[in-house]
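Student: Compact mmCIF, C-alpha atoms, file run25.txt:
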# COMPACT_ATOMS: atom_id res chain seq x y z
CA MET D 56 64.47 78.24 106.49
CA LYS D 57 62.39 77.97 103.34
CA TYR D 58 61.70 81.04 101.25
CA GLY D 59 57.97 80.86 102.08
CA ASP D 60 58.83 81.42 105.74
CA PHE D 61 61.04 84.44 105.11
CA PRO D 62 59.38 87.69 106.28
CA GLN D 63 58.39 89.72 103.21
CA ALA D 64 58.36 92.91 105.27
CA VAL D 65 62.14 92.58 105.61
CA ILE D 66 62.58 92.49 101.84
CA LYS D 67 60.32 95.51 101.36
CA GLU D 68 62.23 97.44 104.01
CA ASN D 69 65.49 96.64 102.24
CA VAL D 70 64.07 97.87 98.93
CA ASP D 71 63.18 101.18 100.60
CA TYR D 72 66.64 101.24 102.18
CA THR D 73 68.20 100.63 98.75
CA VAL D 74 66.30 103.39 96.94
CA LYS D 75 67.11 105.85 99.72
CA ASN D 76 70.77 104.91 99.81
CA ILE D 77 71.25 104.93 96.04
CA LYS D 78 70.02 108.52 95.99
CA SER D 79 72.36 109.33 98.87
CA VAL D 80 75.41 107.67 97.30
CA ILE D 81 74.92 109.53 94.02
CA LYS D 82 74.42 112.84 95.82
CA LYS D 83 77.39 112.42 98.17
CA TYR D 84 79.92 110.66 95.94
CA GLY D 85 78.76 111.36 92.40
CA PRO D 86 79.79 109.31 89.35
CA ARG D 87 82.28 106.58 90.22
CA GLU D 88 84.99 106.03 87.64
CA SER D 89 86.74 102.69 88.10
CA GLY D 90 89.57 103.07 90.59
CA ASN D 91 88.94 106.72 91.51
CA ASP D 92 88.40 108.42 94.88
CA ASN D 93 84.62 108.64 94.48
CA CYS D 94 84.42 104.90 93.98
CA LEU D 95 86.51 104.22 97.08
CA ALA D 96 84.54 106.73 99.17
CA ALA D 97 81.27 105.01 98.24
CA GLU D 98 82.78 101.64 99.15
CA LYS D 99 83.96 103.00 102.52
CA TYR D 100 80.40 104.11 103.21
CA LEU D 101 79.16 100.58 102.43
CA LYS D 102 81.88 99.12 104.63
CA ARG D 103 80.57 101.13 107.58
CA GLU D 104 77.02 100.01 106.83
CA MET D 105 77.87 96.32 106.43
CA SER D 106 80.06 96.23 109.53
CA GLN D 107 76.82 96.44 111.52
CA PHE D 108 75.56 93.05 110.35
CA CYS D 109 78.63 91.13 109.09
CA ASP D 110 81.32 89.21 110.93
CA ASP D 111 84.13 90.50 108.75
CA VAL D 112 84.37 93.37 106.26
CA HIS D 113 87.60 94.24 104.48
CA PHE D 114 89.12 95.70 101.33
CA GLU D 115 91.32 93.89 98.83
CA GLU D 116 93.48 96.08 96.58
CA TYR D 117 94.68 95.46 93.05
CA LYS D 118 96.08 97.46 90.14
CA MET D 119 94.24 98.26 86.94
CA ALA D 120 94.30 100.67 84.00
CA PRO D 121 90.79 102.21 83.98
CA LYS D 122 90.90 103.62 80.44
CA ALA D 123 92.66 100.71 78.72
CA PHE D 124 89.52 98.67 78.14
CA LEU D 125 87.67 101.21 75.98
CA HIS D 126 90.35 103.68 74.89
CA PHE D 127 91.35 101.18 72.21
CA THR D 128 88.33 102.47 70.27
CA LYS D 129 90.09 105.78 69.71
CA ILE D 130 93.43 104.16 68.87
CA VAL D 131 91.91 101.72 66.36
CA ALA D 132 89.74 104.40 64.78
CA PHE D 133 92.61 106.88 64.46
CA PHE D 134 95.02 104.45 62.82
CA VAL D 135 92.47 103.00 60.40
CA ILE D 136 91.40 106.50 59.34
CA ALA D 137 95.03 107.54 58.92
CA ALA D 138 95.95 104.37 57.04
CA VAL D 139 93.17 104.79 54.47
CA LEU D 140 93.52 108.54 53.92
CA VAL D 141 97.33 108.64 53.85
CA SER D 142 97.56 105.57 51.60
CA LEU D 143 95.02 107.05 49.22
CA LEU D 144 96.89 110.34 49.08
CA LEU D 145 100.28 108.70 48.52
CA THR D 146 98.85 106.44 45.83
CA PHE D 147 97.32 109.24 43.79
CA THR D 148 100.52 111.28 44.08
CA ASN D 149 102.48 108.23 42.82
CA ILE D 150 104.65 108.08 45.95
CA ILE D 151 103.62 104.49 46.70
CA THR D 152 102.05 101.81 44.57
CA PHE D 153 98.46 100.64 44.83
CA PHE D 154 99.79 97.32 46.12
CA ILE D 155 101.66 98.98 49.00
CA ALA D 156 98.56 101.06 49.84
CA GLN D 157 96.42 97.95 50.14
CA CYS D 158 99.09 96.27 52.27
CA ILE D 159 98.99 99.22 54.68
CA VAL D 160 95.19 99.22 54.88
CA GLY D 161 95.07 95.44 55.31
CA ILE D 162 97.69 95.37 58.07
CA VAL D 163 96.17 98.26 60.03
CA THR D 164 92.55 97.08 59.79
CA GLY D 165 93.66 93.54 60.66
CA LEU D 166 95.47 94.76 63.77
CA GLY D 167 92.46 96.89 64.66
CA LEU D 168 90.15 93.90 64.45
CA LEU D 169 92.57 91.80 66.52
CA ILE D 170 92.69 94.43 69.27
CA THR D 171 88.89 94.68 69.24
CA VAL D 172 88.51 90.92 69.61
CA LEU D 173 91.07 90.70 72.42
CA GLU D 174 89.74 93.67 74.37
CA PHE D 175 85.99 93.75 73.83
CA LEU D 176 85.11 90.19 72.84
CA LEU D 177 87.52 88.25 75.05
CA TYR D 178 88.23 90.92 77.72
CA LYS D 179 91.98 90.31 77.62
CA GLN D 180 94.14 92.96 79.30
CA PHE D 181 95.97 93.52 76.04
CA MET D 182 96.24 97.32 76.09
CA ASP D 183 96.83 97.74 79.84
CA PRO D 184 100.65 98.10 79.69
CA LEU D 185 100.20 101.31 77.68
CA TYR D 186 98.07 103.10 80.26
CA LYS D 187 98.43 104.71 83.68
CA LYS D 188 97.53 102.41 86.55
CA ALA D 189 95.12 103.07 89.41
CA THR D 190 94.42 101.19 92.61
CA GLY D 191 91.11 99.36 92.61
CA HIS D 192 89.36 98.05 95.71
CA ASN D 193 87.10 95.04 96.11
CA LEU D 194 84.98 95.16 99.27
CA VAL D 195 84.32 91.77 100.85
CA ALA D 196 81.80 91.23 103.66
CA THR D 197 81.23 87.84 105.28
CA ARG D 198 78.42 86.40 107.39
CA LYS D 199 79.82 83.24 108.98
CA PRO D 200 77.81 80.14 109.90
CA THR D 201 77.45 78.91 113.46
CA GLY D 202 79.43 75.77 112.71
CA GLU D 203 82.01 74.51 110.24
CA VAL D 204 81.98 76.12 106.79
CA LYS D 205 80.91 73.45 104.30
CA LYS D 206 79.38 75.64 101.59
CA ARG D 207 79.78 79.23 100.48
CA ILE D 208 77.58 81.51 98.39
CA VAL D 209 78.82 84.88 97.16
CA ILE D 210 76.44 87.64 96.06
CA SER D 211 78.28 90.19 93.97
CA GLY D 212 77.62 93.58 92.43
CA HIS D 213 79.95 96.20 90.98
CA ILE D 214 79.97 99.74 92.34
CA ASP D 215 81.86 101.57 89.59
CA SER D 216 79.96 103.37 86.84
CA ALA D 217 80.66 103.66 83.14
CA TYR D 218 82.11 106.26 80.82
CA GLU D 219 79.33 107.66 78.67
CA TRP D 220 78.61 105.93 75.38
CA ARG D 221 77.56 108.74 73.06
CA HIS D 222 75.82 106.42 70.60
CA ILE D 223 73.26 105.50 73.26
CA TYR D 224 72.91 108.94 74.80
CA TYR D 225 72.24 110.72 71.52
CA PHE D 226 70.63 107.98 69.44
CA LYS D 227 69.50 105.35 72.01
CA GLY D 228 69.30 101.66 71.06
CA PRO D 229 68.91 101.87 67.25
CA GLY D 230 71.84 104.28 66.94
CA MET D 231 74.06 101.92 68.91
CA SER D 232 73.19 99.04 66.59
CA ILE D 233 73.68 101.07 63.40
CA PHE D 234 76.95 102.74 64.30
CA MET D 235 78.66 99.87 66.11
CA GLY D 236 77.34 97.23 63.74
CA GLY D 237 78.34 99.30 60.72
CA THR D 238 81.81 99.95 62.11
CA ILE D 239 82.52 96.28 62.78
CA VAL D 240 81.11 95.09 59.45
CA CYS D 241 82.96 97.76 57.45
CA GLY D 242 86.21 96.99 59.26
CA ILE D 243 85.91 93.30 58.41
CA ILE D 244 84.98 93.98 54.77
CA SER D 245 87.82 96.50 54.32
CA PHE D 246 90.26 93.91 55.64
CA ILE D 247 88.91 91.29 53.23
CA ILE D 248 88.97 93.73 50.30
CA ALA D 249 92.58 94.67 51.04
CA ILE D 250 93.57 90.99 51.06
CA VAL D 251 91.73 90.35 47.78
CA CYS D 252 93.43 93.36 46.16
CA ILE D 253 96.83 92.11 47.30
CA ILE D 254 96.06 88.72 45.73
CA CYS D 255 94.95 90.48 42.54
CA ASN D 256 98.38 92.08 42.33
CA PHE D 257 99.91 88.64 41.81
CA ALA D 258 97.10 86.74 40.14
CA GLY D 259 94.62 88.23 37.75
CA LEU D 260 91.04 87.50 38.77
CA GLY D 261 89.41 88.74 35.62
CA ALA D 262 86.54 91.19 35.77
CA PHE D 263 86.11 90.64 39.50
CA GLY D 264 89.73 91.53 40.13
CA ASP D 265 89.47 94.65 37.97
CA PHE D 266 86.34 95.72 39.85
CA MET D 267 88.04 95.28 43.21
CA LEU D 268 91.08 97.22 42.10
CA ASP D 269 89.00 100.05 40.68
CA TYR D 270 86.54 100.48 43.53
CA SER D 271 88.24 99.20 46.70
CA PHE D 272 89.17 102.62 48.05
CA TYR D 273 85.61 103.84 47.69
CA PHE D 274 84.59 101.21 50.22
CA HIS D 275 87.60 102.00 52.42
CA LEU D 276 86.31 105.57 52.57
CA ILE D 277 82.95 104.28 53.84
CA THR D 278 84.91 102.48 56.55
CA VAL D 279 86.57 105.79 57.41
CA ILE D 280 83.16 107.38 57.97
CA PHE D 281 82.17 104.65 60.42
CA MET D 282 85.57 104.84 62.12
CA VAL D 283 84.91 108.52 62.81
CA THR D 284 81.83 107.45 64.77
CA LEU D 285 83.95 104.87 66.63
CA TYR D 286 86.45 107.58 67.60
CA TRP D 287 83.53 109.62 68.94
CA PHE D 288 81.91 106.63 70.69
CA VAL D 289 83.20 106.94 74.29
CA ASP D 290 83.15 110.21 76.22
CA PHE D 291 85.84 109.76 78.86
CA LYS D 292 85.00 113.11 80.47
CA THR D 293 81.40 112.16 81.29
CA ILE D 294 80.66 109.32 83.69
CA SER D 295 77.27 107.77 84.27
CA PRO D 296 75.69 108.27 87.73
CA GLY D 297 75.27 104.48 87.72
CA ALA D 298 72.04 104.33 89.75
CA ASN D 299 70.74 101.24 87.98
CA ASP D 300 74.03 99.99 86.53
CA ASN D 301 75.01 99.01 89.05
CA LEU D 302 74.07 100.40 92.44
CA THR D 303 70.99 98.17 92.26
CA GLY D 304 73.29 95.14 92.05
CA THR D 305 75.61 96.57 94.70
CA PHE D 306 72.78 96.87 97.19
CA ALA D 307 71.39 93.47 96.19
CA ALA D 308 74.65 92.04 97.54
CA ALA D 309 74.77 94.23 100.65
CA CYS D 310 71.08 93.83 101.46
CA ALA D 311 71.23 90.06 101.08
CA LEU D 312 73.30 89.97 104.28
CA ARG D 313 71.34 92.81 105.87
CA ALA D 314 68.03 91.00 105.25
CA LEU D 315 69.35 87.74 106.70
CA ASP D 316 70.43 89.62 109.80
CA MET D 317 67.11 91.44 110.14
CA ALA D 318 65.19 88.17 109.76
CA GLY D 319 67.41 86.46 112.34
CA VAL D 320 68.54 83.79 109.87
CA GLU D 321 71.70 81.93 110.87
CA PHE D 322 73.07 79.04 108.85
CA GLU D 323 74.86 76.13 110.43
CA ASN D 324 77.33 75.37 107.63
CA THR D 325 76.79 77.93 104.85
CA GLU D 326 78.94 81.04 104.65
CA VAL D 327 77.36 84.01 102.87
CA VAL D 328 79.59 86.65 101.28
CA ALA D 329 78.74 90.01 99.77
CA MET D 330 81.39 91.15 97.34
CA ILE D 331 81.35 94.68 95.93
CA THR D 332 83.73 94.87 92.99
CA ASP D 333 85.39 97.87 91.43
CA GLY D 334 86.55 97.85 87.82
CA GLU D 335 83.72 95.97 86.11
CA GLU D 336 83.29 98.87 83.71
CA ALA D 337 87.04 98.76 83.07
CA GLY D 338 86.80 95.25 81.63
CA LEU D 339 85.89 93.10 84.67
CA ARG D 340 89.23 93.99 86.26
CA GLY D 341 88.02 93.73 89.87
CA ALA D 342 86.33 90.36 89.42
CA LYS D 343 89.32 89.02 87.49
CA ALA D 344 91.70 90.12 90.26
CA PHE D 345 89.47 88.61 92.97
CA ALA D 346 89.02 85.33 91.09
CA LYS D 347 92.78 85.01 90.62
CA GLU D 348 93.48 85.76 94.29
CA HIS D 349 90.86 83.34 95.64
CA LEU D 350 90.95 80.60 93.00
CA GLY D 351 92.34 77.92 95.30
CA GLU D 352 89.92 78.80 98.09
CA TYR D 353 86.87 79.03 95.82
CA THR D 354 87.56 75.81 93.91
CA GLY D 355 88.76 73.81 96.92
CA ASP D 356 87.04 71.62 99.49
CA VAL D 357 84.37 74.21 100.39
CA GLU D 358 81.90 74.31 97.50
CA THR D 359 81.55 77.94 96.43
CA VAL D 360 79.07 79.55 94.06
CA VAL D 361 78.79 83.15 92.91
CA LEU D 362 75.67 85.07 91.90
CA CYS D 363 76.45 88.37 90.19
CA CYS D 364 73.63 90.93 90.16
CA ASP D 365 73.82 93.58 87.47
CA THR D 366 71.10 96.19 86.82
CA LEU D 367 67.73 95.34 88.37
CA THR D 368 65.51 97.73 86.44
CA ASP D 369 63.56 96.42 83.45
CA LEU D 370 61.37 93.75 85.04
CA GLU D 371 60.22 92.27 81.72
CA TYR D 372 63.88 91.43 80.99
CA LEU D 373 64.71 89.92 84.39
CA ASN D 374 66.57 86.76 83.36
CA VAL D 375 69.28 84.33 84.40
CA TYR D 376 72.29 84.82 82.14
CA SER D 377 73.64 81.33 81.61
CA ARG D 378 75.88 82.58 78.78
CA ASP D 379 78.09 85.62 79.01
CA MET D 380 80.80 87.72 77.38
CA THR D 381 78.97 88.14 74.06
CA GLY D 382 77.93 84.50 74.26
CA THR D 383 81.51 83.17 74.33
CA VAL D 384 81.51 82.09 78.01
CA LYS D 385 79.16 79.53 79.53
CA ASN D 386 78.26 80.27 83.14
CA ASP D 387 77.78 77.32 85.47
CA ALA D 388 74.70 75.37 84.39
CA ARG D 389 73.80 74.04 87.84
CA MET D 390 74.16 77.46 89.47
CA SER D 391 72.04 78.99 86.70
CA GLN D 392 69.39 76.34 87.29
CA LEU D 393 69.45 77.01 91.04
CA VAL D 394 68.73 80.70 90.44
CA MET D 395 66.01 79.84 87.91
CA ASP D 396 64.34 77.44 90.37
CA SER D 397 64.65 80.03 93.13
CA ALA D 398 63.03 82.68 90.95
CA LYS D 399 60.00 80.46 90.48
CA GLU D 400 59.84 79.71 94.20
CA ALA D 401 59.93 83.47 94.85
CA GLY D 402 56.88 83.88 92.61
CA TYR D 403 58.57 85.09 89.43
CA GLU D 404 57.59 82.74 86.61
CA ASP D 405 58.80 84.78 83.63
CA ALA D 406 62.57 84.33 84.02
CA LYS D 407 64.40 82.71 81.11
CA PHE D 408 67.93 81.59 80.45
CA ALA D 409 69.57 84.31 78.40
CA SER D 410 72.90 85.30 76.89
CA VAL D 411 74.80 88.55 77.26
CA PHE D 412 75.04 89.14 73.53
CA PHE D 413 77.07 92.37 73.63
CA GLY D 414 79.47 92.95 76.52
CA SER D 415 79.89 90.98 79.72
CA SER D 416 79.15 90.70 83.43
CA ASP D 417 81.46 89.90 86.34
CA ALA D 418 80.08 86.36 86.29
CA ALA D 419 82.09 85.67 83.14
CA ALA D 420 85.34 86.49 84.95
CA PHE D 421 84.55 83.91 87.62
CA SER D 422 83.39 81.33 85.08
CA GLN D 423 86.57 81.79 83.04
CA ALA D 424 88.61 81.14 86.17
CA GLY D 425 86.72 77.91 86.86
CA ILE D 426 84.57 79.23 89.73
CA LYS D 427 80.86 78.32 89.63
CA ALA D 428 79.00 81.52 88.78
CA THR D 429 76.02 82.98 86.99
CA CYS D 430 74.37 86.37 86.52
CA LEU D 431 70.95 87.77 87.38
CA ALA D 432 70.07 90.96 85.52
CA ALA D 433 67.07 92.96 84.39
CA MET D 434 67.90 95.34 81.57
CA ASP D 435 66.48 95.91 78.12
CA PRO D 436 69.18 94.40 75.83
CA THR D 437 68.38 96.86 73.01
CA PRO D 438 70.16 98.35 75.10
CA ALA D 439 68.17 100.50 77.54
CA ASP D 440 68.28 104.24 76.92
CA TYR D 441 69.92 104.85 80.33
CA TYR D 442 72.70 102.31 79.74
CA HIS D 443 76.18 103.82 80.12
CA ASN D 444 75.11 107.44 80.00
CA ARG D 445 73.99 110.38 82.14
CA ARG D 446 70.35 109.26 82.10
CA ASP D 447 71.16 106.46 84.60
CA THR D 448 69.90 108.49 87.57
CA ALA D 449 67.92 107.63 90.67
CA ASP D 450 64.79 108.87 88.89
CA ARG D 451 65.01 105.76 86.69
CA LEU D 452 64.94 103.29 89.57
CA VAL D 453 62.11 100.75 89.49
CA PRO D 454 61.39 99.56 93.06
CA GLU D 455 59.25 96.66 91.79
CA ALA D 456 62.17 95.29 89.76
CA ILE D 457 64.55 95.77 92.70
CA GLU D 458 62.13 93.94 95.00
CA THR D 459 61.76 91.02 92.59
CA GLY D 460 65.52 90.78 92.24
CA PHE D 461 65.97 90.82 96.02
CA LYS D 462 63.38 88.06 96.43
CA ILE D 463 65.23 85.88 93.93
CA VAL D 464 68.56 86.50 95.67
CA ILE D 465 67.16 85.60 99.11
CA SER D 466 65.41 82.56 97.66
CA THR D 467 68.67 81.45 96.02
CA ILE D 468 70.61 81.76 99.28
CA LEU D 469 68.01 79.80 101.25
CA ASN D 470 67.75 77.10 98.59
CA TYR D 471 71.49 76.74 98.36
CA ASP D 472 71.81 76.37 102.14
CA GLU D 473 69.08 73.72 102.30
CA ASN D 474 69.63 71.77 99.09
CA GLY D 475 72.93 72.82 97.51
CA LEU D 476 73.21 72.83 93.74
CA PRO D 477 70.64 70.87 91.72
CA GLU D 478 71.76 67.67 90.10
CA GLU D 479 70.30 68.46 86.72
CA LYS D 480 72.22 70.84 84.50
CA ALA D 481 70.53 73.90 83.07
CA GLU D 482 71.72 73.21 79.54
CA LYS D 483 72.67 70.05 77.72
Show how you would write the structure in this file as structure tokens.
Tutor:
Amino acid sequence: MKYGDFPQAVIKENVDYTVKNIKSVIKKYGPRESGNDNCLAAEKYLKREMSQFCDDVHFEEYKMAPKAFLHFTKIVAFFVIAAVLVSLLLTFTNIITFFIAQCIVGIVTGLGLLITVLEFLLYKQFMDPLYKKATGHNLVATRKPTGEVKKRIVISGHIDSAYEWRHIYYFKGPGMSIFMGGTIVCGIISFIIAIVCIICNFAGLGAFGDFMLDYSFYFHLITVIFMVTLYWFVDFKTISPGANDNLTGTFAAACALRALDMAGVEFENTEVVAMITDGEEAGLRGAKAFAKEHLGEYTGDVETVVLCCDTLTDLEYLNVYSRDMTGTVKNDARMSQLVMDSAKEAGYEDAKFASVFFGSSDAAAFSQAGIKATCLAAMDPTPADYYHNRRDTADRLVPEAIETGFKIVISTILNYDENGLPEEKAEK
């Protein structure tokens, strides 16, 4: 079936179904911390729903540390603050030398930057051994073809919601940029200053060296101020309702299969999978666990592609994210092009290739593993004022954006079944 033949009334009904069910999920199960009972209860509800129109629906368990991904912010902030203040105090009381003080500041800020890069830039599970583990659940629903499976397309969305980011809740987009940008820049500069001061201890650098020695701790104190804001950044006691991020993506995956069933679409050789991950907000833990478990299957003889849907809200920012994980990961170019072509076929001409410049989507976890994946999302990258905070309620849903996202997903599935991946790559 071509997209032009797909009944639009089915898509509209699924949008209504989605809005209704997002309100119901939030009311019944509340905020859904990664790996907690609310998250599992919401997934069990979806399992019952999808069992009506899927051939197989099951859970896959894995272990994760929900707080490890972002709790490093408090650890890094605490130790940098302590290093600067204690070193300053001990220096002025002549207990340690200025050289030793700069060594302490340099080592601690350097380690803090390393942890930040590993956790938040590269999404490594570096801090996980230090934290209590929880059991996460990925929900996998499959609609099988009538014949032999020769191709597979996975539509994915994460069901867990985020700890509140105070910078966005209290100051919105500009506050996030000022505080986080200032913290990172000050941390880097303090590290560089400490190194320069250590060098000055062994080699005189003239007036520049004297200036650095005289004024270095004044700048370290500015770093302390920004580190206080970093310590305050994540509120682990408040969890976003997650209506847009990412129940819209969750239902995009579920309704893809529901819509195919309602329209009576059966593929001869293409298997369609809806995967609802847990743990995206804990550092892509669910997607990483799933990719590891299914790597052989998803990179084997049956060509498999993954489309991750994440936040279908701000229609003017509905784009195909061909780059991910703060721009460090390249999603599959051919899969990205397929989604872009499908968006145009579905009547949406404004989509662009974009990069997740701060943070990541589940698509990056699949791409890192070598599985063909890309991301479709519609969120103001400023970021949006509802992002990762209590404002992400059902009142902020935008049915028009959800409908456009659903059309692109259905178009992508139909195009992939008929034509497979395009030959031309999205990026050179």
Student: Counting only C-alpha atoms, which residue out of D:Val453, D:Cys109, D:Leu350, D:Leu101 sits closest to Val70 (chain D)?
Tutor: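 Closest to Val70 (chain D) of all the choices is D:Val453.
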Student: Taking all atoms listed in the file into account, which of D:Glu400, D:Asp435, D:Glu326, D:Glu174 comes nearest Tyr372 (chain D)?
Tutor: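 Residue with the minimum atom-to-atom distance to Tyr372 (chain D): D:Asp435.
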Student: Tell me, counting only C-alpha atoms, for each residue of region 76-142 of chain D within 9 Å of region 154-167 of chain D, which pair of atoms is nearest and how far apart they are in Å to one decimal, in rows ordered by chain and increasing number, as a tab-separated table.
Tutor:
residue	atom	partner	partner_atom	distance
D:Phe127	CA	D:Gly167	CA	8.8
D:Thr128	CA	D:Gly167	CA	8.9
D:Ile130	CA	D:Gly167	CA	8.5
D:Val131	CA	D:Gly167	CA	5.1
D:Ala132	CA	D:Gly167	CA	8.0
D:Phe134	CA	D:Val163	CA	6.9
D:Val135	CA	D:Thr164	CA	6.0
D:Ala138	CA	D:Val160	CA	5.6
D:Val139	CA	D:Val160	CA	5.9
D:Val141	CA	D:Ala156	CA	8.7
D:Ser142	CA	D:Ala156	CA	4.9
Student: Taking only residues of region 371-445 of chain D that have an atom at most 12 Å from an atom of region 229-237 of chain D, what is each one's shortest atom pair and its distance in Å to one decimal, using all atoms listed in the file, in chain and number order, as a Markdown table?
Tutor:
| residue | atom | partner | partner_atom | distance |
| --- | --- | --- | --- | --- |
| D:Phe413 | CA | D:Ser232 | CA | 10.4 |
| D:Pro436 | CA | D:Ser232 | CA | 11.1 |
| D:Thr437 | CA | D:Pro229 | CA | 7.7 |
| D:Pro438 | CA | D:Met231 | CA | 8.1 |
| D:Ala439 | CA | D:Pro229 | CA | 10.4 |
| D:Asp440 | CA | D:Pro229 | CA | 10.0 |
| D:Tyr442 | CA | D:Met231 | CA | 10.9 |
| D:His443 | CA | D:Met231 | CA | 11.6 |
Student: Can you work out which one of D:Val204, D:Met317, D:Ala388, D:Ala419 has the shortest atom-to-atom distance to Lys67 (chain D), counting all atoms listed in the file?
Tutor: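 Looking only at the distances to Lys67 (chain D), the closest residue turns out to be D:Met317.
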Student: Report as CSV the residues of region 208-287 of chain D within 8 Å of region 351-370 of chain D, each with its shortest atom pair and distance in Å (one decimal), using only C-alpha atoms, ordered by chain and increasing residue number.
Tutor:
residue,atom,partner,partner_atom,distance
D:Ile208,CA,D:Val360,CA,5.0
D:Val209,CA,D:Val361,CA,4.6
D:Ile210,CA,D:Leu362,CA,5.0
D:Ser211,CA,D:Cys363,CA,4.6
D:Gly212,CA,D:Cys364,CA,5.3
D:His213,CA,D:Asp365,CA,7.5
Student: Any chance you could export the current selection's C-alpha atoms as a short mmCIF file (atom, residue, chain, number, x, y, z; two decimals), in the frame of the given file?
Tutor:
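Produced file result_6.cif, reproduced below:
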data_model
loop_
_atom_site.label_atom_id
_atom_site.label_comp_id
_atom_site.auth_asym_id
_atom_site.auth_seq_id
_atom_site.Cartn_x
_atom_site.Cartn_y
_atom_site.Cartn_z
CA ILE D 208 77.58 81.51 98.39
CA VAL D 209 78.82 84.88 97.16
CA ILE D 210 76.44 87.64 96.06
CA SER D 211 78.28 90.19 93.97
CA GLY D 212 77.62 93.58 92.43
CA HIS D 213 79.95 96.20 90.98
#
